[in-house]
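J.: Here you go, this is coords_13.csv (CSV, C-alpha atoms and all ligand atoms).
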chain,number,residue,atom,x,y,z
A,293,MET,CA,-28.4,-7.3,34.7
A,294,SER,CA,-24.7,-7.4,33.9
A,295,THR,CA,-22.4,-10.3,34.4
A,296,PRO,CA,-19.9,-9.5,37.3
A,297,SER,CA,-17.4,-11.9,36.0
A,298,ILE,CA,-16.6,-10.0,32.8
A,299,PRO,CA,-12.9,-8.9,32.8
A,300,PRO,CA,-11.9,-5.3,32.0
A,301,ARG,CA,-14.4,-3.7,29.8
A,302,LEU,CA,-12.4,-2.1,27.0
A,303,ARG,CA,-15.5,-0.7,25.4
A,304,ARG,CA,-15.6,1.9,28.2
A,305,LEU,CA,-13.0,3.8,26.4
A,306,ARG,CA,-14.7,3.6,23.0
A,307,ARG,CA,-18.0,5.1,24.0
A,308,SER,CA,-17.9,8.4,22.3
A,309,GLN,CA,-15.7,10.5,19.9
A,310,SER,CA,-14.5,12.5,22.9
A,311,VAL,CA,-13.4,9.4,24.9
A,312,ARG,CA,-11.9,7.8,21.8
A,313,GLY,CA,-9.9,11.0,21.1
A,314,LEU,CA,-8.6,11.2,24.7
A,315,VAL,CA,-7.1,7.7,24.4
A,316,GLN,CA,-6.0,7.8,20.8
A,317,GLU,CA,-2.4,6.7,20.6
A,318,THR,CA,-1.3,7.8,17.1
A,319,ARG,CA,-2.2,10.9,15.2
A,320,LEU,CA,-1.6,12.2,11.7
A,321,ARG,CA,-0.2,15.6,11.8
A,322,VAL,CA,0.5,18.0,9.0
A,323,GLU,CA,4.0,18.4,10.3
A,324,ASP,CA,4.7,14.8,9.4
A,325,LEU,CA,3.8,15.1,5.8
A,326,ILE,CA,6.1,15.5,2.8
A,327,LEU,CA,4.7,16.2,-0.6
A,328,PRO,CA,6.4,14.7,-3.7
A,329,LEU,CA,6.1,17.0,-6.7
A,330,PHE,CA,6.9,16.4,-10.4
A,331,VAL,CA,8.4,19.2,-12.5
A,332,ARG,CA,8.7,19.3,-16.3
A,333,GLU,CA,10.2,21.6,-18.9
A,334,GLY,CA,8.1,24.1,-20.9
A,335,SER,CA,5.1,26.2,-20.3
A,336,GLY,CA,1.3,25.8,-20.3
A,337,ASP,CA,-0.9,23.8,-18.1
A,338,ALA,CA,0.1,21.1,-15.6
A,339,GLU,CA,0.0,17.7,-17.3
A,340,PRO,CA,-2.1,15.2,-15.3
A,341,VAL,CA,-0.6,11.8,-14.6
A,342,ALA,CA,-3.3,9.4,-15.7
A,343,SER,CA,-2.7,6.7,-13.1
A,344,MET,CA,-2.4,9.2,-10.3
A,345,PRO,CA,-5.6,11.3,-10.1
A,346,GLY,CA,-4.9,14.8,-8.7
A,347,VAL,CA,-1.1,14.5,-9.5
A,348,SER,CA,0.5,16.5,-12.3
A,349,ARG,CA,3.7,17.3,-13.9
A,350,HIS,CA,4.1,21.0,-13.2
A,351,THR,CA,5.9,23.7,-15.1
A,352,LEU,CA,8.5,25.5,-13.1
A,353,GLU,CA,6.0,28.2,-12.4
A,354,GLY,CA,3.3,25.8,-11.6
A,355,LEU,CA,5.7,23.9,-9.3
A,356,VAL,CA,6.3,27.0,-7.2
A,357,ALA,CA,2.6,27.8,-7.1
A,358,GLN,CA,1.8,24.2,-5.9
A,359,ALA,CA,4.6,24.3,-3.3
A,360,ARG,CA,3.3,27.6,-2.1
A,361,ALA,CA,-0.2,26.2,-1.7
A,362,ALA,CA,1.2,23.2,0.1
A,363,HIS,CA,3.2,25.4,2.4
A,364,GLU,CA,0.2,27.5,3.2
A,365,LEU,CA,-1.6,24.4,4.3
A,366,GLY,CA,1.2,23.8,6.8
A,367,ILE,CA,3.3,21.2,4.8
A,368,ALA,CA,6.9,21.8,5.7
A,369,ALA,CA,8.7,19.9,2.9
A,370,VAL,CA,8.5,18.8,-0.7
A,371,ALA,CA,10.4,16.1,-2.5
A,372,LEU,CA,11.2,17.1,-6.0
A,373,PHE,CA,11.2,14.8,-9.1
A,374,PRO,CA,12.1,16.1,-12.5
A,375,VAL,CA,10.8,14.8,-15.8
A,376,THR,CA,13.6,14.9,-18.3
A,377,PRO,CA,12.7,15.3,-22.0
A,378,ALA,CA,13.7,12.2,-24.0
A,379,ARG,CA,16.2,14.2,-26.0
A,380,ARG,CA,18.2,15.1,-22.9
A,381,LYS,CA,18.5,11.5,-21.8
A,382,ASP,CA,21.6,9.4,-22.5
A,383,PRO,CA,23.0,6.1,-21.3
A,384,ARG,CA,25.3,8.0,-18.7
A,385,GLY,CA,22.6,10.3,-17.4
A,386,ARG,CA,24.8,13.3,-18.1
A,387,GLU,CA,21.9,15.7,-17.6
A,388,ALA,CA,22.0,14.9,-13.9
A,389,LEU,CA,25.2,17.0,-13.7
A,390,ASN,CA,24.1,19.9,-15.8
A,391,SER,CA,24.1,22.9,-13.5
A,392,LYS,CA,21.4,24.5,-15.6
A,393,GLY,CA,19.3,21.3,-15.5
A,394,LEU,CA,15.6,21.3,-14.6
A,395,ALA,CA,15.9,19.9,-11.1
A,396,LEU,CA,18.5,22.4,-10.1
A,397,ARG,CA,16.6,25.3,-11.6
A,398,ALA,CA,13.5,24.1,-9.7
A,399,VAL,CA,15.4,24.0,-6.4
A,400,ARG,CA,16.6,27.6,-6.9
A,401,ALA,CA,13.1,28.8,-7.8
A,402,LEU,CA,11.6,27.1,-4.8
A,403,LYS,CA,14.1,28.3,-2.3
A,404,LYS,CA,13.9,31.8,-3.7
A,405,ALA,CA,10.1,32.0,-3.5
A,406,LEU,CA,9.7,29.9,-0.2
A,407,PRO,CA,12.9,30.1,1.8
A,408,ASP,CA,11.4,28.2,4.7
A,409,LEU,CA,10.1,25.3,2.7
A,410,VAL,CA,12.4,22.3,3.2
A,411,VAL,CA,13.4,21.2,-0.3
A,412,ILE,CA,14.4,17.5,-0.8
A,413,THR,CA,16.1,16.5,-3.9
A,414,ASP,CA,16.3,13.0,-5.5
A,415,VAL,CA,19.8,11.6,-5.9
A,416,ALA,CA,19.5,8.9,-8.6
A,417,LEU,CA,20.1,8.7,-12.3
A,418,ASP,CA,16.8,7.1,-13.5
A,419,PRO,CA,15.2,10.4,-14.6
A,420,TYR,CA,18.2,11.0,-16.8
A,421,THR,CA,19.3,7.7,-18.2
A,422,ARG,CA,17.8,6.4,-21.5
A,423,HIS,CA,17.6,2.9,-20.1
A,424,GLY,CA,15.8,4.1,-16.9
A,425,HIS,CA,18.2,2.6,-14.5
A,426,ASP,CA,19.3,4.4,-11.3
A,427,GLY,CA,22.9,4.3,-12.4
A,428,VAL,CA,25.3,3.9,-15.3
A,429,LEU,CA,25.8,0.5,-16.9
A,430,ASP,CA,29.1,-1.4,-17.0
A,431,LYS,CA,31.0,-1.8,-20.3
A,432,ARG,CA,29.0,-4.8,-21.5
A,433,GLY,CA,25.8,-3.1,-20.5
A,434,ARG,CA,24.8,-6.1,-18.3
A,435,ASP,CA,24.8,-4.5,-14.9
A,436,VAL,CA,24.7,-1.2,-13.1
A,437,ASP,CA,28.2,-0.2,-12.3
A,438,ASN,CA,28.1,0.5,-8.5
A,439,ASP,CA,31.2,2.6,-8.0
A,440,ALA,CA,31.0,4.6,-11.2
A,441,THR,CA,27.4,5.4,-10.2
A,442,VAL,CA,28.4,6.4,-6.7
A,443,ALA,CA,31.0,8.9,-7.9
A,444,ILE,CA,28.3,10.6,-10.1
A,445,LEU,CA,25.7,10.6,-7.3
A,446,ALA,CA,28.2,12.4,-5.0
A,447,LYS,CA,28.7,15.1,-7.5
A,448,MET,CA,25.0,15.3,-8.1
A,449,ALA,CA,24.3,15.8,-4.4
A,450,VAL,CA,26.9,18.6,-4.2
A,451,LEU,CA,25.2,20.4,-7.1
A,452,GLN,CA,21.9,20.0,-5.4
A,453,ALA,CA,23.2,21.4,-2.2
A,454,GLU,CA,24.8,24.4,-4.1
A,455,ALA,CA,21.4,25.1,-5.6
A,456,GLY,CA,19.9,25.2,-2.1
A,457,ALA,CA,18.6,21.8,-1.4
A,458,ASP,CA,18.0,21.3,2.4
A,459,TRP,CA,18.0,17.5,2.3
A,460,VAL,CA,19.4,15.2,-0.4
A,461,ALA,CA,17.7,11.9,-0.8
A,462,PRO,CA,19.6,9.0,-2.5
A,463,SER,CA,17.0,6.7,-3.9
A,464,ASP,CA,19.3,4.6,-6.0
A,465,MET,CA,20.3,1.7,-3.7
A,466,MET,CA,24.0,1.6,-4.7
A,467,ASP,CA,26.4,0.3,-2.0
A,468,GLY,CA,28.4,3.0,-0.2
A,469,ARG,CA,26.6,6.0,-1.6
A,470,VAL,CA,25.6,7.5,1.7
A,471,ARG,CA,29.3,7.8,2.8
A,472,ALA,CA,30.4,9.1,-0.5
A,473,ILE,CA,27.7,11.7,-0.5
A,474,ARG,CA,28.4,12.8,3.1
A,475,GLU,CA,32.1,13.2,2.3
A,476,ALA,CA,31.5,15.1,-0.9
A,477,LEU,CA,29.0,17.4,0.8
A,478,ASP,CA,31.3,18.1,3.8
A,479,LYS,CA,34.3,18.7,1.5
A,480,ALA,CA,32.3,21.3,-0.4
A,481,GLY,CA,31.2,23.0,2.8
A,482,HIS,CA,27.7,21.7,2.9
A,483,THR,CA,27.9,20.3,6.4
A,484,GLN,CA,24.3,21.4,7.2
A,485,VAL,CA,22.7,19.6,4.3
A,486,ALA,CA,21.1,16.4,5.6
A,487,ILE,CA,20.9,13.0,4.0
A,488,LEU,CA,17.5,11.3,3.8
A,489,SER,CA,18.5,7.9,2.8
A,490,TYR,CA,16.2,5.5,1.0
A,491,ALA,CA,17.7,2.8,3.2
A,492,ALA,CA,15.2,0.0,2.7
A,493,LYS,CA,13.9,0.4,-0.8
A,494,PHE,CA,12.3,-2.7,-2.2
A,495,ALA,CA,12.1,-3.8,-5.9
A,496,SER,CA,8.4,-3.2,-5.9
A,497,ALA,CA,5.7,-3.4,-8.5
A,498,TYR,CA,4.0,-0.4,-6.7
A,499,TYR,CA,6.3,2.0,-8.5
A,500,GLY,CA,4.5,1.6,-11.8
A,501,PRO,CA,2.5,4.9,-11.9
A,502,PHE,CA,5.7,6.9,-10.8
A,503,ARG,CA,7.6,5.5,-13.8
A,504,GLU,CA,4.8,6.6,-16.0
A,505,ALA,CA,5.0,10.1,-14.4
A,506,VAL,CA,8.7,10.6,-15.0
A,507,GLY,CA,8.9,8.4,-18.1
A,508,SER,CA,11.6,6.1,-16.7
A,509,GLY,CA,9.7,2.9,-17.3
A,510,GLU,CA,8.6,3.5,-20.9
A,511,ALA,CA,12.2,4.6,-21.8
A,512,ALA,CA,13.6,1.4,-20.5
A,513,GLY,CA,11.3,-1.3,-21.8
A,514,LYS,CA,10.3,-4.2,-19.6
A,515,THR,CA,13.2,-6.5,-19.7
A,516,TYR,CA,15.8,-3.8,-19.2
A,517,LEU,CA,14.1,-2.3,-16.2
A,518,ASP,CA,14.8,-5.0,-13.8
A,519,LYS,CA,16.0,-3.2,-10.7
A,520,ARG,CA,16.4,-6.3,-8.6
A,521,THR,CA,20.2,-6.2,-8.8
A,522,TYR,CA,20.1,-3.2,-6.5
A,523,GLN,CA,16.7,-2.8,-4.9
A,524,LEU,CA,15.8,-5.1,-2.0
A,525,ASN,CA,14.0,-8.4,-2.5
A,526,PRO,CA,10.5,-8.0,-1.1
A,527,ALA,CA,11.0,-11.3,0.8
A,528,ASN,CA,13.9,-10.0,2.9
A,529,ALA,CA,13.5,-8.3,6.3
A,530,ARG,CA,16.9,-9.1,7.8
A,531,GLU,CA,18.6,-7.7,4.7
A,532,ALA,CA,16.6,-4.5,5.0
A,533,ALA,CA,17.9,-4.2,8.6
A,534,ARG,CA,21.5,-4.6,7.3
A,535,GLU,CA,20.9,-1.9,4.7
A,536,ALA,CA,19.5,0.5,7.3
A,537,ALA,CA,22.3,-0.2,9.8
A,538,LEU,CA,24.9,0.5,7.1
A,539,ASP,CA,23.3,3.7,5.9
A,540,ALA,CA,23.1,4.9,9.5
A,541,GLN,CA,26.8,4.1,10.0
A,542,GLU,CA,27.7,5.9,6.7
A,543,GLY,CA,26.1,9.0,8.0
A,544,ALA,CA,22.4,9.1,7.0
A,545,ASP,CA,20.4,11.6,9.1
A,546,ILE,CA,17.0,10.0,8.4
A,547,LEU,CA,16.3,6.5,7.2
A,548,MET,CA,13.4,5.7,4.8
A,549,VAL,CA,11.4,2.6,4.1
A,550,LYS,CA,9.7,2.3,0.6
A,551,PRO,CA,7.0,1.4,-0.2
A,552,ALA,CA,5.2,1.8,3.1
A,553,GLY,CA,1.9,0.0,3.2
A,554,ALA,CA,3.1,-3.5,2.3
A,555,TYR,CA,6.2,-3.1,4.4
A,556,LEU,CA,4.9,-2.0,7.8
A,557,ASP,CA,6.8,-4.9,9.5
A,558,ILE,CA,10.0,-3.5,8.1
A,559,LEU,CA,9.2,-0.1,9.5
A,560,HIS,CA,8.2,-1.5,12.9
A,561,ALA,CA,11.4,-3.5,13.2
A,562,LEU,CA,13.5,-0.6,12.2
A,563,ARG,CA,11.8,1.6,14.7
A,564,ALA,CA,13.0,-0.7,17.5
A,565,ARG,CA,16.6,-0.8,16.1
A,566,THR,CA,17.5,2.8,15.3
A,567,THR,CA,17.3,6.1,17.1
A,568,LEU,CA,17.3,8.0,13.9
A,569,PRO,CA,14.1,9.6,12.6
A,570,LEU,CA,12.3,7.3,10.3
A,571,ALA,CA,10.5,8.1,7.1
A,572,ALA,CA,8.1,6.0,4.9
A,573,TYR,CA,7.2,6.6,1.3
A,574,GLN,CA,3.6,5.8,0.5
A,575,VAL,CA,4.4,5.3,-3.2
A,576,SER,CA,2.5,5.9,-6.4
A,577,GLY,CA,0.9,2.5,-6.6
A,578,GLU,CA,-0.4,2.7,-3.1
A,579,TYR,CA,-2.0,6.0,-4.0
A,580,ALA,CA,-3.3,4.7,-7.4
A,581,GLN,CA,-4.9,1.6,-5.9
A,582,LEU,CA,-7.0,3.6,-3.4
A,583,HIS,CA,-8.1,6.0,-6.1
A,584,ALA,CA,-8.9,3.2,-8.5
A,585,ALA,CA,-11.1,1.3,-6.0
A,586,ALA,CA,-12.8,4.6,-5.0
A,587,ARG,CA,-13.6,5.3,-8.6
A,588,LEU,CA,-15.3,2.0,-8.9
A,589,GLY,CA,-17.3,2.9,-5.8
A,590,TRP,CA,-15.7,0.0,-4.0
A,591,LEU,CA,-13.9,1.9,-1.2
A,592,ASN,CA,-14.3,5.2,0.5
A,593,LEU,CA,-11.2,7.2,-0.5
A,594,GLU,CA,-10.9,9.5,2.5
A,595,ALA,CA,-11.4,6.8,5.0
A,596,THR,CA,-9.0,4.3,3.5
A,597,ARG,CA,-6.5,7.0,2.9
A,598,ASP,CA,-6.5,8.1,6.5
A,599,GLU,CA,-6.4,4.5,7.7
A,600,ALA,CA,-3.4,3.7,5.5
A,601,LEU,CA,-1.5,6.8,6.6
A,602,LEU,CA,-2.3,6.3,10.3
A,603,SER,CA,-1.1,2.7,10.0
A,604,ILE,CA,2.2,3.9,8.6
A,605,LYS,CA,2.6,6.1,11.6
A,606,ARG,CA,1.6,3.4,14.0
A,607,ALA,CA,4.2,1.1,12.6
A,608,GLY,CA,6.8,3.6,13.4
A,609,ALA,CA,7.2,6.3,10.8
A,610,ASP,CA,7.9,9.9,11.9
A,611,LEU,CA,7.6,11.3,8.4
A,612,ILE,CA,5.5,10.2,5.5
A,613,LEU,CA,6.0,11.0,1.9
A,614,THR,CA,2.6,10.9,0.3
A,615,TYR,CA,0.8,12.2,-2.7
A,616,PHE,CA,-2.2,12.6,-0.4
A,617,ALA,CA,-0.3,15.3,1.6
A,618,MET,CA,-2.4,18.3,0.5
A,619,ASP,CA,-5.7,16.5,0.8
A,620,VAL,CA,-4.9,15.3,4.3
A,621,ALA,CA,-3.5,18.7,5.3
A,622,ARG,CA,-6.9,20.3,4.3
A,623,THR,CA,-8.8,17.9,6.5
A,624,LEU,CA,-6.4,18.5,9.4
A,625,ARG,CA,-7.0,22.2,9.5
A,701,LIG,C1,13.8,5.7,-8.5
A,701,LIG,C2,12.6,6.1,-7.9
A,701,LIG,C3,11.4,5.4,-7.9
A,701,LIG,C4,10.5,6.1,-7.1
A,701,LIG,C5,11.1,7.2,-6.7
A,701,LIG,N1,12.4,7.2,-7.1
A,701,LIG,C6,11.0,4.1,-8.5
A,701,LIG,C7,11.9,3.3,-9.3
A,701,LIG,O1,12.7,2.5,-8.7
A,701,LIG,O2,11.7,3.3,-10.5
A,701,LIG,C8,9.1,5.6,-6.9
A,701,LIG,C9,8.1,6.5,-6.2
A,701,LIG,C10,6.7,6.1,-6.3
A,701,LIG,O3,6.4,5.1,-6.9
A,701,LIG,O4,5.9,6.9,-5.9
A,701,LIG,N2,15.0,6.4,-8.1
Using structure tokens, write down the structure from this file.
Ligand code: PBG
T.:
Amino acid sequence: MSTPSIPPRLRRLRRSQSVRGLVQETRLRVEDLILPLFVREGSGDAEPVASMPGVSRHTLEGLVAQARAAHELGIAAVALFPVTPARRKDPRGREALNSKGLALRAVRALKKALPDLVVITDVALDPYTRHGHDGVLDKRGRDVDNDATVAILAKMAVLQAEAGADWVAPSDMMDGRVRAIREALDKAGHTQVAILSYAAKFASAYYGPFREAVGSGEAAGKTYLDKRTYQLNPANAREAAREAALDAQEGADILMVKPAGAYLDILHALRARTTLPLAAYQVSGEYAQLHAAARLGWLNLEATRDEALLSIKRAGADLILTYFAMDVARTLR
């Protein structure tokens, strides 16, 4: 006998996989995924990144092969991060403007082999500076010089566009860089190159494994690598909204929140405030923690991975940068 007084029975729509599928509100799609890739100089095998199982620093050739494999799985875009050899790093990050530099060669190789693949380049100086900061330091070496850095970033973006980048992605958090980059791109005739702005990038401890991958943390040493004078304070949501609004005004085509998992509220709030497409970066530490727990047998990797990614979409992301992109794409086939 059932109780007539029970209000709407929500379990009716959870009865079977078919029913649950029909009423599912959010879905992961391979079209939403962007794969970050690391490229290094030299030849030989890909070098695994210890704290990021399944992720490697690829040679130029390996990079193209990996991008091709991703593209064949339906992944439409890759975000490129170069590993600069220590001898090419200097305090000014000059290698960033070397037209024969690794990142630019990688863009050319990718666009030549896979013209349809959307290639996203990183606009920031941390892979190139010996101190590991995203910009150049002021005369006394006490602070990152905003305006001097912005001028370099604008040049860097133009070089990347010339090499064939589809989207340039400033990840540095300097003030005014989106406008400067947009103006420089337009002036150079690259009106169709889009800006994916790391609009709300927090000073996060979740970037640790990435810094190991590109060697920006080790180069800097702990005390030097305090990025809190430019990256957002994890405690601040209103300030993140200001950053995003400014980047939109300055001409960003897509706004990004980074990291993703610990900042779903930021994503959700932004979704309500902007009509621009929103991206989220599930960063290296988010990837590493799931792998670590899975290795200990404490969590199910696939299930937690999918739940984490779905939550990022539910919070409001249209696009997700994730090191899981290929694994997920395989399961979505
Ligand atoms: C810096 C940059 C960082 C990441 C991408 N670009 C981290 C940092 O501030 O050192 C992190 C990405 C990740 O952790 O996966 N321009």
J.: Record the distance separating atom CA of Arg597 of chain A and atom CA of Arg319 of chain A, expressed in Å with one decimal.
T.: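 Value for the atom CA of Arg597 of chain A-atom CA of Arg319 of chain A distance: 13.6 Å.
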J.: Quick one: which chain A residues come within 8 Å of ligand LIG 701 (chain A), and what is the nearest atom pair for each with the distance in Å to one decimal, counting all atoms listed in the file, rows ordered by chain and ascending number, as a Markdown table?
T.:
| residue | atom | partner | partner_atom | distance |
| --- | --- | --- | --- | --- |
| A:Phe373 | CA | A:LIG701 | N1 | 7.9 |
| A:Asp414 | CA | A:LIG701 | N1 | 7.2 |
| A:Val415 | CA | A:LIG701 | N2 | 7.4 |
| A:Ala416 | CA | A:LIG701 | N2 | 5.2 |
| A:Leu417 | CA | A:LIG701 | N2 | 7.0 |
| A:Asp418 | CA | A:LIG701 | N2 | 5.7 |
| A:Pro419 | CA | A:LIG701 | N2 | 7.6 |
| A:Gly424 | CA | A:LIG701 | O2 | 7.6 |
| A:His425 | CA | A:LIG701 | O2 | 7.7 |
| A:Asp426 | CA | A:LIG701 | N2 | 5.7 |
| A:Pro462 | CA | A:LIG701 | N2 | 7.7 |
| A:Ser463 | CA | A:LIG701 | N2 | 4.7 |
| A:Asp464 | CA | A:LIG701 | N2 | 5.1 |
| A:Ala495 | CA | A:LIG701 | O1 | 6.9 |
| A:Ser496 | CA | A:LIG701 | O1 | 7.7 |
| A:Tyr498 | CA | A:LIG701 | O3 | 6.0 |
| A:Tyr499 | CA | A:LIG701 | O3 | 3.5 |
| A:Gly500 | CA | A:LIG701 | O3 | 6.3 |
| A:Pro501 | CA | A:LIG701 | O3 | 6.3 |
| A:Phe502 | CA | A:LIG701 | O3 | 4.4 |
| A:Arg503 | CA | A:LIG701 | O2 | 5.7 |
| A:Ser508 | CA | A:LIG701 | O2 | 6.8 |
| A:Gly509 | CA | A:LIG701 | O2 | 7.1 |
| A:Lys519 | CA | A:LIG701 | O1 | 6.9 |
| A:Gln523 | CA | A:LIG701 | O1 | 7.7 |
| A:Pro551 | CA | A:LIG701 | O3 | 7.7 |
| A:Tyr573 | CA | A:LIG701 | O4 | 7.3 |
| A:Gln574 | CA | A:LIG701 | O4 | 6.9 |
| A:Val575 | CA | A:LIG701 | O4 | 3.5 |
| A:Ser576 | CA | A:LIG701 | O4 | 3.6 |
| A:Gly577 | CA | A:LIG701 | O3 | 6.1 |
J.: Write out as a PyMOL selection string the residues lying within 8 Å of Asp545 of chain A, counting only C-alpha atoms and excluding same-chain residues fewer than 3 positions away.
T.: chain A and resi 486-489+540+568-569
J.: To one decimal place, how far is atom CA of Asp557 of chain A from atom CA of Val436 of chain A in Å?
T.: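 Separation between atom CA of Asp557 of chain A and atom CA of Val436 of chain A: 29.1 Å.
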J.: Please provide as a VMD selection string all residues within 12 Å of Gln452 of chain A, with the sequence filter that same-chain residues fewer than 6 positions apart are discarded (counting only C-alpha atoms).
T.: chain A and resid 372 388 to 400 403 411 to 416 445 to 446 458 to 462 473 476 to 477 480 482 485 to 487
J.: Counting only C-alpha atoms, which residue out of A:Ala552, A:Ala595, A:Ala453, A:Leu588 sits closest to Ala609 of chain A?
T.: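 Closest residue, counting only C-alpha atoms: A:Ala552.
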J.: Enter the distance from atom CA of Phe616 of chain A to atom CA of Gln358 of chain A, in Å, rounded to one decimal.
T.: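 That distance, rounded to one decimal, is 13.4 Å.
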J.: Could you tell me which of A:Gly608, A:Gly433, A:Gly543, A:Gly507 comes closest to Glu475 of chain A if we count all atoms listed in the file?
T.: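 When distances to Glu475 of chain A are compared using all atoms listed in the file, the smallest one comes from A:Gly543.
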J.: Generate the coordinates of all heavy atoms for segment 529-536 of chain A; report them as a short mmCIF file (atom, residue, chain, number, x, y, z; two decimals), in the coordinates of the input.
T.:
data_model
loop_
_atom_site.label_atom_id
_atom_site.label_comp_id
_atom_site.auth_asym_id
_atom_site.auth_seq_id
_atom_site.Cartn_x
_atom_site.Cartn_y
_atom_site.Cartn_z
N ALA A 529 13.54 -9.30 5.16
CA ALA A 529 13.50 -8.30 6.30
C ALA A 529 14.83 -8.14 6.93
O ALA A 529 15.20 -7.02 7.28
CB ALA A 529 12.44 -8.78 7.29
N ARG A 530 15.56 -9.22 7.11
CA ARG A 530 16.90 -9.10 7.80
C ARG A 530 17.82 -8.27 6.93
O ARG A 530 18.58 -7.44 7.42
CB ARG A 530 17.49 -10.49 8.03
CG ARG A 530 16.78 -11.29 9.08
CD ARG A 530 17.66 -12.48 9.50
NE ARG A 530 18.06 -13.28 8.34
CZ ARG A 530 17.42 -14.38 7.94
NH1 ARG A 530 16.36 -14.82 8.60
NH2 ARG A 530 17.83 -15.04 6.88
N GLU A 531 17.74 -8.50 5.62
CA GLU A 531 18.60 -7.70 4.70
C GLU A 531 18.27 -6.25 4.76
O GLU A 531 19.16 -5.39 4.67
CB GLU A 531 18.48 -8.30 3.30
CG GLU A 531 19.56 -7.80 2.37
CD GLU A 531 19.36 -8.30 0.94
OE1 GLU A 531 18.49 -9.17 0.71
OE2 GLU A 531 20.07 -7.79 0.05
N ALA A 532 17.00 -5.95 4.93
CA ALA A 532 16.60 -4.50 5.00
C ALA A 532 17.21 -3.93 6.30
O ALA A 532 17.65 -2.77 6.29
CB ALA A 532 15.07 -4.44 5.10
N ALA A 533 17.26 -4.69 7.36
CA ALA A 533 17.90 -4.20 8.60
C ALA A 533 19.36 -3.93 8.39
O ALA A 533 19.92 -2.95 8.91
CB ALA A 533 17.67 -5.23 9.73
N ARG A 534 20.03 -4.80 7.62
CA ARG A 534 21.50 -4.60 7.30
C ARG A 534 21.65 -3.29 6.53
O ARG A 534 22.55 -2.50 6.80
CB ARG A 534 22.03 -5.74 6.50
CG ARG A 534 22.31 -6.97 7.28
CD ARG A 534 23.04 -7.99 6.40
NE ARG A 534 24.47 -7.72 6.28
CZ ARG A 534 25.27 -8.30 5.39
NH1 ARG A 534 24.78 -9.15 4.50
NH2 ARG A 534 26.56 -8.02 5.36
N GLU A 535 20.82 -3.11 5.52
CA GLU A 535 20.90 -1.90 4.70
C GLU A 535 20.75 -0.65 5.57
O GLU A 535 21.50 0.32 5.42
CB GLU A 535 19.77 -1.88 3.66
CG GLU A 535 20.04 -2.64 2.39
CD GLU A 535 21.03 -1.91 1.46
OE1 GLU A 535 21.52 -0.84 1.83
OE2 GLU A 535 21.29 -2.43 0.37
N ALA A 536 19.76 -0.70 6.45
CA ALA A 536 19.50 0.50 7.30
C ALA A 536 20.64 0.74 8.24
O ALA A 536 21.06 1.89 8.42
CB ALA A 536 18.19 0.25 8.05
#
